Amino acid sequence: MSRLFAYYDRGVALVTGRIPEGLALLLLRVALAGVFWRSGQTKVVEGSFLSIDPSQYDLFASEFSGLPLDPALAVPLTVMAEHLFPALLLVGLATRVSAGALLVMTLVIQIFVFPDAWWPVHSLWAAMAAVLIVRGGGFFSLDALLAKLRRR
């Protein structure tokens with residue numbers, strides 16, 4: 001039995017180092033960023049750089065009418081947030097702030113737009129954001145590089 005525990009302990013030691021954790025956090029950042037980036041891309045004119053599709057204002061006024069913001073404000077804020085925060089997550093810059101912003105967006109979507117989507121969709125987004133808020137961007141992030149430079 002002690003031999004089994006020794007194998008287990010060795011396995012745990014292999015996967016809990018900075019490099020494996022950094023890879024896992026990188027994958028998590030890419031996954032969460034991808035969800036919101038793709039959503040942001042549906043709100044802009046295809047082939048443009050952040051040129052808002054005018055139909056989004058009607059969509060927000062009708063389908064997303066539960067939002068406490070006027071569509072004239074909600075649409076540009078959403079488009080900006082769904083592009084800025086995922087981009088920051090990808091490079092691992094301001095990871096905790098970006099994940100926090102995406103967690104707030106998730107909660108807004110859950111409460112005001114799609115209240116029946118908690119399980120399994122929004123709960124997964126919230127869990128991913130929570131891990132990034134708690135753990136940060138990991139070894140493979142600009143946050144880690146900046147922290148290293150600050151310590152010098």
# chains A, B, ... in the order shown; residues from 1 in each chain; ligands from 1
$ residues_around --residues "Leu26 in chain A" --least-positions-apart "6" --cutoff "12 Å" --atoms "only C-alpha atoms" --output "tab-separated table (two decimals) with C-alpha atoms, in the first residue's frame"
chain	number	residue	atom	x	y	z
A	18	ARG	CA	5.09	25.68	-12.02
A	19	ILE	CA	5.32	24.48	-15.62
A	20	PRO	CA	2.35	22.07	-15.57
A	32	LEU	CA	-12.41	31.45	-21.40
A	33	ALA	CA	-11.09	34.07	-23.80
A	89	LEU	CA	-6.38	36.93	-21.04
A	90	LEU	CA	-4.64	35.43	-24.07
A	91	VAL	CA	-1.39	37.20	-23.28
A	92	GLY	CA	-1.89	36.90	-19.54
A	93	LEU	CA	-1.88	40.61	-18.81
A	95	THR	CA	-5.39	38.29	-15.77
A	128	MET	CA	-12.98	29.24	-15.11
A	131	VAL	CA	-9.76	29.91	-10.92
A	132	LEU	CA	-8.01	32.65	-12.90
A	135	ARG	CA	-4.45	31.62	-9.29
A	136	GLY	CA	-3.60	34.38	-11.76
A	137	GLY	CA	-2.21	33.89	-15.25
A	138	GLY	CA	0.44	31.36	-14.33
A	139	PHE	CA	4.02	30.89	-15.48
A	140	PHE	CA	3.25	31.52	-19.18
A	141	SER	CA	1.80	35.00	-18.80
A	142	LEU	CA	2.91	38.60	-19.07
A	143	ASP	CA	1.75	39.01	-15.47
A	144	ALA	CA	4.43	36.51	-14.39
$ residues_around --residues "range 67-83 of chain A" --least-positions-apart "6" --cutoff "12 Å" --atoms "only C-alpha atoms" --output "ChimeraX atom specification"
/A:32-45,49-61,89-90,97-115
$ atom_distance --atom1 "CA of Trp125 in chain A" --atom2 "CA of Leu23 in chain A"
18.6 Å
$ select_by_dssp --residues "chain A" --states "alpha helix (DSSP H)" --output "JSON, numbers by chain"
{"A": [2, 3, 4, 5, 6, 7, 8, 9, 10, 11, 12, 13, 14, 15, 18, 19, 20, 21, 22, 23, 24, 25, 26, 27, 28, 29, 30, 31, 32, 33, 34, 35, 36, 37, 38, 39, 40, 41, 55, 56, 57, 58, 59, 60, 61, 62, 71, 72, 73, 74, 75, 76, 77, 78, 79, 80, 81, 82, 83, 84, 85, 86, 87, 88, 89, 90, 91, 95, 96, 97, 98, 99, 100, 101, 102, 103, 104, 105, 106, 107, 108, 123, 124, 125, 126, 127, 128, 129, 130, 131, 132, 133, 134, 135, 142, 143, 144, 145, 146, 147, 148, 149, 150, 151]}
$ atom_distance --atom1 "CA of Leu84 in chain A" --atom2 "CA of Leu25 in chain A"
18.8 Å
